[in-house]
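Worksheet for the structure shown next.
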Amino acid sequence: METRADPTTRSQRLAPVAVLGGVLALAGCSGQAPSALDPAGTGAGRVADLWWVLFWISIAVFVEVMVLLAWALLFRRRRDARVRHGQPLRFVVVAGAGVPLVILVTVYALGLRDLAALGDGPEPGATTIEVTGHQWWWEVRVPGVAGATANELHIPVGEQVRIRLRTVDVLHSFWVPQLMPKTDLIAGEVRETWLRAERAGSYRGQCAEYCGTQHAHMAFLVVAEPRRDFDAWLARLGSPAAGPQTDAQRRGQQAFAQGSCAGCHAIRGTDANGQVGPDLSDVGARWSIGAGAVPNDGGHLGGWIANSQTVKPGNHMPPQPVPAAQLPDLIAYLQSLK
Ligand code: CUA
């Protein structure tokens with residue numbers, strides 16, 4: 001039968017396509033995914049420097065091994081003659097044991113140096129931000145400030161900031177690739193790390209320890225901004241949420257308070273004081289819904305309220321029996337919370 005292509009031939013023909021696809025897919029990543037090789041913070045800078053050292057050592061070793069392999073293949077006969085006379089023993093000891101030992105000790109020492117530098121902790125008096133991991137979102141608080149927010153923390157640019165980490169359930173890991181290496185959140189422990197952003201901007205963070213079904217949707221945003229803006233954020237965090245301005249927003253607030261929402265979510269300055277889910281006092285200003293699951297706009301917000309299980313299956317918010325007429329009001333109210 002000639003109609004069917006031979007599978008081997010076909011897969012061989014598809015190989016370049018697969019390689020090209022892979023390259024394009026990786027190229028596509030560079031636009032959105034944060035890269036640890038594009039550091040904007042002290043800790044990430046050290047990690048990136050170490051990465052490049054390892055990279056160039058690997059390249060050097062690879063090239064050296066390939067050259068030796070070629071040499072061995074091309075001049076095998078002559079080498080055999082020399083082996084008989086025991087001459088290359090010194091070469092084997094130096095290249096096979098001495099050089100690897102020097103490389104490994106150097107890399108180990110560099111790793112220890114960076115570990116010590118990062119482990120020193122922030123300078124005394126550094127701003128502290130408390131981050132608590134939940135399946136699958138991040139609770140953010142600042143000691144001495146009444147409010148809380150979720151999946152977004154602000155830091156003053158150029159300053160060392162202490163991050164105090166807890167988890168209420170399973171292991172999570174706090175990682176901002178462009179700013180700092182990972183720190184695990186361990187049940188029953190309070191762990192501390194620190195970061196320092198060298199330039200202002202928004203940096204995506206990600207839970208880096210598998211923590212259940214929605215581990216991938218446990219992202220967050222670190223906003224590094226001038227001190228003045230950071231202080232304004234702190235002030236907002238400590239203030240009551242914005243009150244409703246329009247009729248729709250007022251109806252939405254009522255629906256929120258009287259429905260099941262307030263049982264799980266808090267909105268500062270209102271009777272809603274639930275502590276199960278994220279505080280929603282500034283939900284209208286957040287970068288995403290569901291810790292990076294979907295963009296924060298009216299359509300996605302409505303879909304999330306009605307049945308977040310279709311958006312982020314397994315999350316702890318059950319589907320809400322909200323009357324269709326109430327949904328636009330609820331959306332209007334929540335979007336006004338900035
Ligand atoms: Cu939290 Cu993975």
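Naming works like this for the structure tokens: A, B, ... for the chains as they're shown, residue 1 at the start of each chain, ligands 1 onward in shown order.
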
List as CSV every residue of chain A that is in contact with ligand 1, defined as an atom at most 8 Å from one of its atoms (using only C-alpha atoms and all ligand atoms), together with the nearest atom pair and the distance in Å rounded to one decimal, sorted by chain and then rising number.
```
residue,atom,partner,partner_atom_place_in_ligand_line,distance
A:Gly133,CA,ligand 1,1 (Cu),6.7
A:His134,CA,ligand 1,1 (Cu),7.0
A:Gln135,CA,ligand 1,1 (Cu),6.1
A:Trp136,CA,ligand 1,1 (Cu),5.8
A:Trp137,CA,ligand 1,1 (Cu),7.3
A:Val170,CA,ligand 1,1 (Cu),7.7
A:Leu171,CA,ligand 1,1 (Cu),6.7
A:His172,CA,ligand 1,1 (Cu),4.1
A:Ser173,CA,ligand 1,1 (Cu),6.3
A:Gln206,CA,ligand 1,2 (Cu),7.8
A:Cys207,CA,ligand 1,2 (Cu),4.4
A:Ala208,CA,ligand 1,2 (Cu),5.5
A:Glu209,CA,ligand 1,2 (Cu),4.4
A:Tyr210,CA,ligand 1,2 (Cu),4.2
A:Cys211,CA,ligand 1,2 (Cu),4.0
A:Gly212,CA,ligand 1,2 (Cu),6.7
A:Gln214,CA,ligand 1,2 (Cu),7.4
A:His215,CA,ligand 1,2 (Cu),3.9
A:Ala216,CA,ligand 1,2 (Cu),6.6
A:Met218,CA,ligand 1,1 (Cu),5.7
```

Atoms kept (C-alpha atoms) for selection, written as a short mmCIF file (atom, residue, chain, number, x, y, z; two decimals), in the first residue's frame:
```
data_model
loop_
_atom_site.label_atom_id
_atom_site.label_comp_id
_atom_site.auth_asym_id
_atom_site.auth_seq_id
_atom_site.Cartn_x
_atom_site.Cartn_y
_atom_site.Cartn_z
CA GLY A 133 0.09 30.75 51.67
CA HIS A 134 -3.36 29.23 51.18
CA GLN A 135 -4.49 26.65 48.66
CA TRP A 136 -4.30 28.50 46.18
CA TRP A 137 -3.76 32.14 46.91
CA VAL A 170 0.38 22.53 52.80
CA LEU A 171 3.88 23.40 51.57
CA HIS A 172 4.14 26.33 49.18
CA SER A 173 7.16 28.20 47.90
CA GLN A 206 4.81 32.06 41.44
CA CYS A 207 4.30 29.28 43.94
CA ALA A 208 7.25 27.02 43.25
CA GLU A 209 6.33 23.99 45.33
CA TYR A 210 3.62 21.61 44.12
CA CYS A 211 0.69 22.18 46.46
CA GLY A 212 -2.31 20.53 44.83
CA GLN A 214 -4.29 24.54 41.32
CA HIS A 215 -0.60 24.94 42.12
CA ALA A 216 -0.11 26.51 38.67
CA MET A 218 -1.00 30.39 42.57
#
```

- Query: Hey, what does DSSP flag as helix (DSSP H, G or I) within stretch 50-218 of chain A? Can you give it to me as a PyMOL selection string?
  - Reply: chain A and resi 50-74+76-84+89-119+215-217

- From a DSSP pass on the backbone, collect the residues of stretch 24-202 of chain A flagged as strand (DSSP E or B) and hand them back as a count of residues only. 48

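With atom CA of A:Val142 on one side and atom CA of A:Gly238 on the other, the separation reads 9.3 Å.
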
Got a sec: who's within 10 Å of A:Ile129, counting only C-alpha atoms, leaving out chain neighbours fewer than 5 positions off, as a tab-separated table (two decimals) with all heavy atoms, in the first residue's frame?
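Final output, part-v4.tsv:
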```tsv
chain	number	residue	atom	x	y	z
A	140	VAL	N	-1.77	38.77	52.04
A	140	VAL	CA	-0.69	39.74	52.24
A	140	VAL	C	-1.09	40.74	53.33
A	140	VAL	O	-2.15	41.36	53.25
A	140	VAL	CB	-0.39	40.49	50.92
A	140	VAL	CG1	0.67	41.56	51.13
A	140	VAL	CG2	0.05	39.52	49.84
A	141	ARG	N	-0.24	40.86	54.34
A	141	ARG	CA	-0.47	41.81	55.43
A	141	ARG	C	0.82	42.54	55.76
A	141	ARG	O	1.91	42.06	55.44
A	141	ARG	CB	-0.94	41.07	56.70
A	141	ARG	CG	-2.35	40.51	56.60
A	141	ARG	CD	-2.75	39.75	57.87
A	141	ARG	NE	-4.07	39.17	57.71
A	141	ARG	CZ	-5.21	39.81	57.94
A	141	ARG	NH1	-5.18	41.07	58.40
A	141	ARG	NH2	-6.38	39.23	57.75
A	142	VAL	N	0.66	43.67	56.42
A	142	VAL	CA	1.83	44.41	56.88
A	142	VAL	C	1.66	44.63	58.38
A	142	VAL	O	0.60	45.12	58.80
A	142	VAL	CB	1.95	45.78	56.15
A	142	VAL	CG1	3.15	46.56	56.67
A	142	VAL	CG2	2.07	45.56	54.65
A	143	PRO	N	2.63	44.21	59.20
A	143	PRO	CA	2.50	44.38	60.65
A	143	PRO	C	2.19	45.84	61.01
A	143	PRO	O	2.82	46.75	60.48
A	143	PRO	CB	3.88	43.97	61.19
A	143	PRO	CG	4.47	43.10	60.13
A	143	PRO	CD	3.93	43.61	58.83
A	153	LEU	N	1.70	42.30	46.36
A	153	LEU	CA	2.33	43.06	47.41
A	153	LEU	C	3.17	44.17	46.81
A	153	LEU	O	3.72	44.01	45.73
A	153	LEU	CB	3.17	42.19	48.36
A	153	LEU	CG	4.24	41.30	47.79
A	153	LEU	CD1	5.42	41.26	48.72
A	153	LEU	CD2	3.70	39.90	47.61
A	154	HIS	N	3.18	45.27	47.51
A	154	HIS	CA	3.97	46.41	47.07
A	154	HIS	C	5.22	46.50	47.93
A	154	HIS	O	5.19	46.18	49.11
A	154	HIS	CB	3.15	47.70	47.17
A	154	HIS	CG	2.03	47.77	46.17
A	154	HIS	ND1	1.76	48.88	45.42
A	154	HIS	CD2	1.12	46.83	45.80
A	154	HIS	CE1	0.72	48.63	44.62
A	154	HIS	NE2	0.31	47.40	44.84
A	155	ILE	N	6.32	46.95	47.32
A	155	ILE	CA	7.56	47.14	48.08
A	155	ILE	C	8.20	48.46	47.63
A	155	ILE	O	8.02	48.87	46.48
A	155	ILE	CB	8.57	45.98	47.86
A	155	ILE	CG1	8.90	45.81	46.37
A	155	ILE	CG2	8.03	44.66	48.42
A	155	ILE	CD1	10.07	44.88	46.11
A	161	VAL	N	13.55	44.49	51.86
A	161	VAL	CA	12.24	44.25	52.46
A	161	VAL	C	12.22	42.82	53.01
A	161	VAL	O	12.57	41.87	52.32
A	161	VAL	CB	11.12	44.41	51.41
A	161	VAL	CG1	9.77	44.10	52.02
A	161	VAL	CG2	11.13	45.81	50.82
A	162	ARG	N	11.85	42.72	54.29
A	162	ARG	CA	11.77	41.40	54.91
A	162	ARG	C	10.42	40.77	54.53
A	162	ARG	O	9.38	41.42	54.62
A	162	ARG	CB	11.87	41.54	56.43
A	162	ARG	CG	11.75	40.21	57.18
A	162	ARG	CD	11.76	40.42	58.68
A	162	ARG	NE	13.05	40.95	59.15
A	162	ARG	CZ	13.24	42.20	59.56
A	162	ARG	NH1	12.25	43.06	59.58
A	162	ARG	NH2	14.44	42.60	59.97
A	163	ILE	N	10.45	39.53	54.10
A	163	ILE	CA	9.22	38.81	53.79
A	163	ILE	C	9.08	37.69	54.81
A	163	ILE	O	9.95	36.82	54.92
A	163	ILE	CB	9.26	38.20	52.36
A	163	ILE	CG1	9.61	39.26	51.31
A	163	ILE	CG2	7.94	37.53	52.03
A	163	ILE	CD1	8.53	40.26	51.01
A	164	ARG	N	8.00	37.75	55.58
A	164	ARG	CA	7.76	36.73	56.62
A	164	ARG	C	6.70	35.76	56.09
A	164	ARG	O	5.61	36.18	55.71
A	164	ARG	CB	7.27	37.44	57.88
A	164	ARG	CG	7.24	36.56	59.11
A	164	ARG	CD	7.03	37.40	60.35
A	164	ARG	NE	8.24	38.16	60.71
A	164	ARG	CZ	8.22	39.29	61.43
A	164	ARG	NH1	7.08	39.81	61.83
A	164	ARG	NH2	9.34	39.91	61.73
A	165	LEU	N	7.06	34.50	56.05
A	165	LEU	CA	6.23	33.53	55.34
A	165	LEU	C	5.61	32.47	56.26
A	165	LEU	O	6.30	31.89	57.10
A	165	LEU	CB	7.09	32.82	54.28
A	165	LEU	CG	7.67	33.72	53.19
A	165	LEU	CD1	8.82	33.02	52.48
A	165	LEU	CD2	6.59	34.10	52.19
A	192	GLU	N	11.62	33.44	57.18
A	192	GLU	CA	11.88	34.80	56.72
A	192	GLU	C	12.86	34.80	55.57
A	192	GLU	O	13.82	34.01	55.55
A	192	GLU	CB	12.43	35.66	57.87
A	192	GLU	CG	11.33	36.09	58.83
A	192	GLU	CD	11.78	37.16	59.80
A	192	GLU	OE1	12.97	37.52	59.80
A	192	GLU	OE2	10.92	37.62	60.57
A	194	TRP	N	14.23	37.83	52.30
A	194	TRP	CA	14.19	39.27	51.99
A	194	TRP	C	14.42	39.47	50.51
A	194	TRP	O	14.93	38.59	49.81
A	194	TRP	CB	15.22	40.04	52.82
A	194	TRP	CG	16.64	39.67	52.54
A	194	TRP	CD1	17.33	38.63	53.08
A	194	TRP	CD2	17.55	40.33	51.65
A	194	TRP	NE1	18.60	38.60	52.59
A	194	TRP	CE2	18.77	39.63	51.71
A	194	TRP	CE3	17.45	41.45	50.81
A	194	TRP	CZ2	19.89	40.00	50.95
A	194	TRP	CZ3	18.56	41.83	50.07
A	194	TRP	CH2	19.77	41.10	50.15
```

List the spatial neighbours of stretch 289-303 of chain A as a short mmCIF file (atom, residue, chain, number, x, y, z; two decimals) with all heavy atoms, in the first residue's frame - criterion: any atom at most 9 Å away, only C-alpha atoms, same-chain residues fewer than 3 positions off excluded.
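Final output, result_14.cif:
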```
data_model
loop_
_atom_site.label_atom_id
_atom_site.label_comp_id
_atom_site.auth_asym_id
_atom_site.auth_seq_id
_atom_site.Cartn_x
_atom_site.Cartn_y
_atom_site.Cartn_z
N TRP A 136 -5.46 28.23 46.96
CA TRP A 136 -4.30 28.50 46.18
C TRP A 136 -4.28 29.99 45.94
O TRP A 136 -4.57 30.47 44.87
CB TRP A 136 -4.38 27.72 44.85
CG TRP A 136 -4.24 26.21 45.09
CD1 TRP A 136 -3.07 25.52 45.20
CD2 TRP A 136 -5.27 25.25 45.26
NE1 TRP A 136 -3.32 24.17 45.42
CE2 TRP A 136 -4.66 23.98 45.47
CE3 TRP A 136 -6.67 25.34 45.27
CZ2 TRP A 136 -5.39 22.83 45.67
CZ3 TRP A 136 -7.40 24.20 45.49
CH2 TRP A 136 -6.74 22.94 45.68
N TRP A 137 -3.89 30.69 47.00
CA TRP A 137 -3.76 32.14 46.91
C TRP A 137 -2.85 32.62 48.03
O TRP A 137 -2.51 31.86 48.93
CB TRP A 137 -5.13 32.83 46.97
CG TRP A 137 -5.93 32.56 48.22
CD1 TRP A 137 -6.63 31.42 48.50
CD2 TRP A 137 -6.09 33.42 49.36
NE1 TRP A 137 -7.22 31.53 49.74
CE2 TRP A 137 -6.91 32.74 50.28
CE3 TRP A 137 -5.63 34.69 49.67
CZ2 TRP A 137 -7.28 33.29 51.51
CZ3 TRP A 137 -6.01 35.25 50.90
CH2 TRP A 137 -6.83 34.55 51.79
N TRP A 138 -2.47 33.88 47.94
CA TRP A 138 -1.52 34.47 48.89
C TRP A 138 -2.21 35.59 49.67
O TRP A 138 -2.74 36.52 49.07
CB TRP A 138 -0.32 35.04 48.16
CG TRP A 138 0.40 34.07 47.28
CD1 TRP A 138 0.12 33.81 45.96
CD2 TRP A 138 1.50 33.22 47.61
NE1 TRP A 138 0.98 32.86 45.47
CE2 TRP A 138 1.84 32.48 46.47
CE3 TRP A 138 2.24 33.02 48.79
CZ2 TRP A 138 2.89 31.55 46.45
CZ3 TRP A 138 3.28 32.12 48.77
CH2 TRP A 138 3.59 31.39 47.61
N ALA A 150 -4.64 40.44 48.71
CA ALA A 150 -4.32 39.10 48.23
C ALA A 150 -3.58 39.15 46.90
O ALA A 150 -3.89 39.96 46.03
CB ALA A 150 -5.59 38.27 48.07
N ASN A 151 -2.62 38.25 46.80
CA ASN A 151 -1.92 37.98 45.53
C ASN A 151 -1.20 39.18 44.95
O ASN A 151 -0.90 39.21 43.75
CB ASN A 151 -2.91 37.42 44.48
CG ASN A 151 -3.69 36.26 45.03
OD1 ASN A 151 -3.16 35.46 45.79
ND2 ASN A 151 -4.97 36.17 44.66
N GLU A 152 -0.96 40.19 45.75
CA GLU A 152 -0.26 41.37 45.27
C GLU A 152 0.39 42.06 46.45
O GLU A 152 -0.27 42.35 47.43
CB GLU A 152 -1.27 42.31 44.58
CG GLU A 152 -0.62 43.48 43.90
CD GLU A 152 -1.59 44.21 42.96
OE1 GLU A 152 -2.37 43.55 42.25
OE2 GLU A 152 -1.55 45.45 42.95
N ALA A 216 -0.53 25.62 39.78
CA ALA A 216 -0.11 26.51 38.67
C ALA A 216 -0.80 27.87 38.77
O ALA A 216 -0.25 28.89 38.36
CB ALA A 216 -0.41 25.86 37.33
N HIS A 217 -2.03 27.88 39.31
CA HIS A 217 -2.76 29.14 39.47
C HIS A 217 -2.56 29.67 40.89
O HIS A 217 -3.52 29.91 41.62
CB HIS A 217 -4.25 28.95 39.16
CG HIS A 217 -4.49 28.77 37.69
ND1 HIS A 217 -5.43 27.90 37.20
CD2 HIS A 217 -3.91 29.33 36.62
CE1 HIS A 217 -5.41 27.95 35.88
NE2 HIS A 217 -4.49 28.80 35.50
N MET A 218 -1.31 29.79 41.27
CA MET A 218 -1.00 30.39 42.57
C MET A 218 0.12 31.40 42.32
O MET A 218 1.23 31.27 42.81
CB MET A 218 -0.61 29.32 43.59
CG MET A 218 -0.54 29.87 45.00
SD MET A 218 -0.47 28.58 46.24
CE MET A 218 0.01 29.59 47.66
N ALA A 219 -0.24 32.37 41.49
CA ALA A 219 0.73 33.40 41.12
C ALA A 219 0.47 34.66 41.94
O ALA A 219 -0.56 34.77 42.62
CB ALA A 219 0.62 33.70 39.64
N PHE A 220 1.40 35.56 41.89
CA PHE A 220 1.21 36.85 42.56
C PHE A 220 2.04 37.90 41.86
O PHE A 220 2.80 37.59 40.94
CB PHE A 220 1.56 36.76 44.06
CG PHE A 220 2.97 36.31 44.35
CD1 PHE A 220 3.96 37.24 44.64
CD2 PHE A 220 3.31 34.96 44.33
CE1 PHE A 220 5.27 36.83 44.92
CE2 PHE A 220 4.61 34.54 44.60
CZ PHE A 220 5.58 35.48 44.89
N LEU A 221 1.84 39.13 42.30
CA LEU A 221 2.54 40.24 41.67
C LEU A 221 3.26 41.04 42.75
O LEU A 221 2.69 41.31 43.80
CB LEU A 221 1.52 41.13 40.95
CG LEU A 221 2.08 42.03 39.85
CD1 LEU A 221 2.59 41.18 38.69
CD2 LEU A 221 1.00 42.99 39.35
N VAL A 283 -10.28 44.71 45.61
CA VAL A 283 -10.31 43.70 44.53
C VAL A 283 -10.40 44.34 43.14
O VAL A 283 -9.87 43.80 42.16
CB VAL A 283 -11.47 42.70 44.77
CG1 VAL A 283 -12.83 43.33 44.56
CG2 VAL A 283 -11.31 41.49 43.85
N GLY A 284 -11.02 45.54 43.06
CA GLY A 284 -11.16 46.18 41.75
C GLY A 284 -9.83 46.63 41.15
O GLY A 284 -9.72 46.85 39.96
N ALA A 285 -8.82 46.75 42.03
CA ALA A 285 -7.52 47.25 41.56
C ALA A 285 -6.54 46.13 41.29
O ALA A 285 -5.42 46.39 40.85
CB ALA A 285 -6.93 48.19 42.61
N ARG A 286 -6.94 44.90 41.54
CA ARG A 286 -5.96 43.81 41.43
C ARG A 286 -5.71 43.40 40.00
O ARG A 286 -6.54 43.59 39.12
CB ARG A 286 -6.43 42.61 42.26
CG ARG A 286 -6.34 42.93 43.75
CD ARG A 286 -6.62 41.73 44.60
NE ARG A 286 -6.94 42.16 45.95
CZ ARG A 286 -7.73 41.50 46.78
NH1 ARG A 286 -8.28 40.37 46.39
NH2 ARG A 286 -7.96 41.96 47.98
N ALA A 306 -20.27 33.51 39.61
CA ALA A 306 -21.33 32.53 39.34
C ALA A 306 -20.82 31.11 39.57
O ALA A 306 -21.49 30.30 40.23
CB ALA A 306 -21.81 32.69 37.90
N ASN A 307 -19.67 30.79 39.05
CA ASN A 307 -19.13 29.45 39.26
C ASN A 307 -17.62 29.43 39.01
O ASN A 307 -17.16 29.13 37.91
CB ASN A 307 -19.83 28.43 38.36
CG ASN A 307 -19.44 27.01 38.72
OD1 ASN A 307 -18.59 26.79 39.60
ND2 ASN A 307 -20.04 26.04 38.06
N SER A 308 -16.90 29.73 40.06
CA SER A 308 -15.45 29.79 39.91
C SER A 308 -14.86 28.41 39.64
O SER A 308 -13.70 28.29 39.23
CB SER A 308 -14.81 30.38 41.17
OG SER A 308 -15.01 29.51 42.27
N THR A 310 -15.57 26.48 37.28
CA THR A 310 -15.30 26.30 35.85
C THR A 310 -14.01 27.03 35.45
O THR A 310 -13.42 26.73 34.43
CB THR A 310 -16.46 26.85 34.99
OG1 THR A 310 -16.61 28.25 35.28
CG2 THR A 310 -17.77 26.14 35.29
N VAL A 311 -13.62 28.03 36.27
CA VAL A 311 -12.43 28.81 35.96
C VAL A 311 -11.20 28.19 36.60
O VAL A 311 -10.15 28.07 35.96
CB VAL A 311 -12.59 30.26 36.49
CG1 VAL A 311 -11.39 31.11 36.11
CG2 VAL A 311 -13.87 30.88 35.97
N LYS A 312 -11.33 27.79 37.85
CA LYS A 312 -10.19 27.26 38.61
C LYS A 312 -10.70 26.05 39.40
O LYS A 312 -10.97 26.15 40.61
CB LYS A 312 -9.67 28.37 39.54
CG LYS A 312 -8.38 28.06 40.26
CD LYS A 312 -7.87 29.33 40.96
CE LYS A 312 -6.73 29.04 41.88
NZ LYS A 312 -6.17 30.24 42.52
N ASN A 315 -10.83 24.96 43.48
CA ASN A 315 -10.61 26.04 44.45
C ASN A 315 -11.72 25.99 45.50
O ASN A 315 -12.75 25.37 45.31
CB ASN A 315 -10.53 27.40 43.74
CG ASN A 315 -11.87 28.07 43.57
OD1 ASN A 315 -12.40 28.69 44.49
ND2 ASN A 315 -12.46 27.92 42.39
N LEU A 327 -26.23 39.93 39.47
CA LEU A 327 -24.82 39.77 39.07
C LEU A 327 -24.18 41.07 38.59
O LEU A 327 -23.08 41.44 39.04
CB LEU A 327 -24.71 38.66 38.02
CG LEU A 327 -23.33 38.02 37.86
CD1 LEU A 327 -22.76 37.54 39.20
CD2 LEU A 327 -23.37 36.89 36.86
N PRO A 328 -24.84 41.84 37.68
CA PRO A 328 -24.21 43.09 37.22
C PRO A 328 -23.96 44.07 38.38
O PRO A 328 -22.94 44.78 38.39
CB PRO A 328 -25.23 43.68 36.24
CG PRO A 328 -26.06 42.51 35.81
CD PRO A 328 -26.11 41.58 36.98
N LEU A 330 -23.37 43.26 41.57
CA LEU A 330 -22.22 42.75 42.32
C LEU A 330 -20.91 43.08 41.61
O LEU A 330 -19.94 43.51 42.23
CB LEU A 330 -22.34 41.23 42.47
CG LEU A 330 -22.99 40.70 43.75
CD1 LEU A 330 -23.14 39.19 43.68
CD2 LEU A 330 -22.17 41.10 44.99
N ILE A 331 -20.92 42.88 40.28
CA ILE A 331 -19.70 43.19 39.50
C ILE A 331 -19.37 44.67 39.63
O ILE A 331 -18.22 45.06 39.87
CB ILE A 331 -19.90 42.79 38.02
CG1 ILE A 331 -20.05 41.27 37.90
CG2 ILE A 331 -18.74 43.28 37.16
CD1 ILE A 331 -20.49 40.80 36.52
N ALA A 332 -20.41 45.52 39.48
CA ALA A 332 -20.18 46.97 39.56
C ALA A 332 -19.60 47.35 40.92
O ALA A 332 -18.67 48.17 41.02
CB ALA A 332 -21.49 47.72 39.32
N LEU A 334 -17.93 45.36 43.15
CA LEU A 334 -16.57 44.82 43.37
C LEU A 334 -15.53 45.57 42.53
O LEU A 334 -14.42 45.83 42.98
CB LEU A 334 -16.53 43.32 43.04
CG LEU A 334 -17.32 42.45 44.05
CD1 LEU A 334 -17.41 41.02 43.58
CD2 LEU A 334 -16.68 42.52 45.45
N GLN A 335 -15.94 45.96 41.30
CA GLN A 335 -14.98 46.69 40.46
C GLN A 335 -14.71 48.10 41.01
O GLN A 335 -13.69 48.69 40.69
CB GLN A 335 -15.51 46.78 39.03
CG GLN A 335 -15.36 45.44 38.29
CD GLN A 335 -15.55 45.59 36.80
OE1 GLN A 335 -16.58 46.12 36.36
NE2 GLN A 335 -14.59 45.13 36.02
#
```

- Would you work out the distance separating atom CA of A:Val94 from atom CA of A:Val63, expressed in Å to one decimal? 17.1 Å

- Item | Contact residues around A:Leu179 with only C-alpha atoms at 9 Å, ignoring same-chain residues under 2 positions, as a list in words |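 With the cut-off at 9 Å, the set is Ala36, Pro39, Ala40, Gly41, Thr42, Gly43, Ala44, Gly45, Trp175, Val176, Pro177, Pro181, Leu195, Arg196, Ala197, Glu198, Tyr203 and Gly205 of chain A.
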
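Using only C-alpha atoms, the shortest contact distance between A:Ala242 and any of A:Asp329, A:Glu225, A:Asp282, A:Glu130 is found at A:Asp282.
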
- Interatomic distance, atom CA of A:Glu139 to atom CA of A:Asp38 (Å, one decimal):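 Computed distance, atom CA of A:Glu139 to atom CA of A:Asp38, equals 26.7 Å.
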
- Message: Please determine, counting only C-alpha atoms, which residue among A:Met180, A:Cys264, A:Leu237, A:Val65 has the shortest atom-to-atom distance to A:Leu37.
- Response: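 Ranked by minimum distance to A:Leu37, first place goes to A:Met180.
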
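Using only C-alpha atoms, the nearest neighbour of A:Ala325 within the list A:Gln309, A:Gly277, A:Arg251, A:Phe55 is A:Arg251.
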
- Message: Counting only C-alpha atoms, which residue out of A:Ala33, A:Cys261, A:Ala60, A:Ala324 sits closest to A:Pro278?
- Response: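 So, comparing all the options, the nearest one is A:Cys261.
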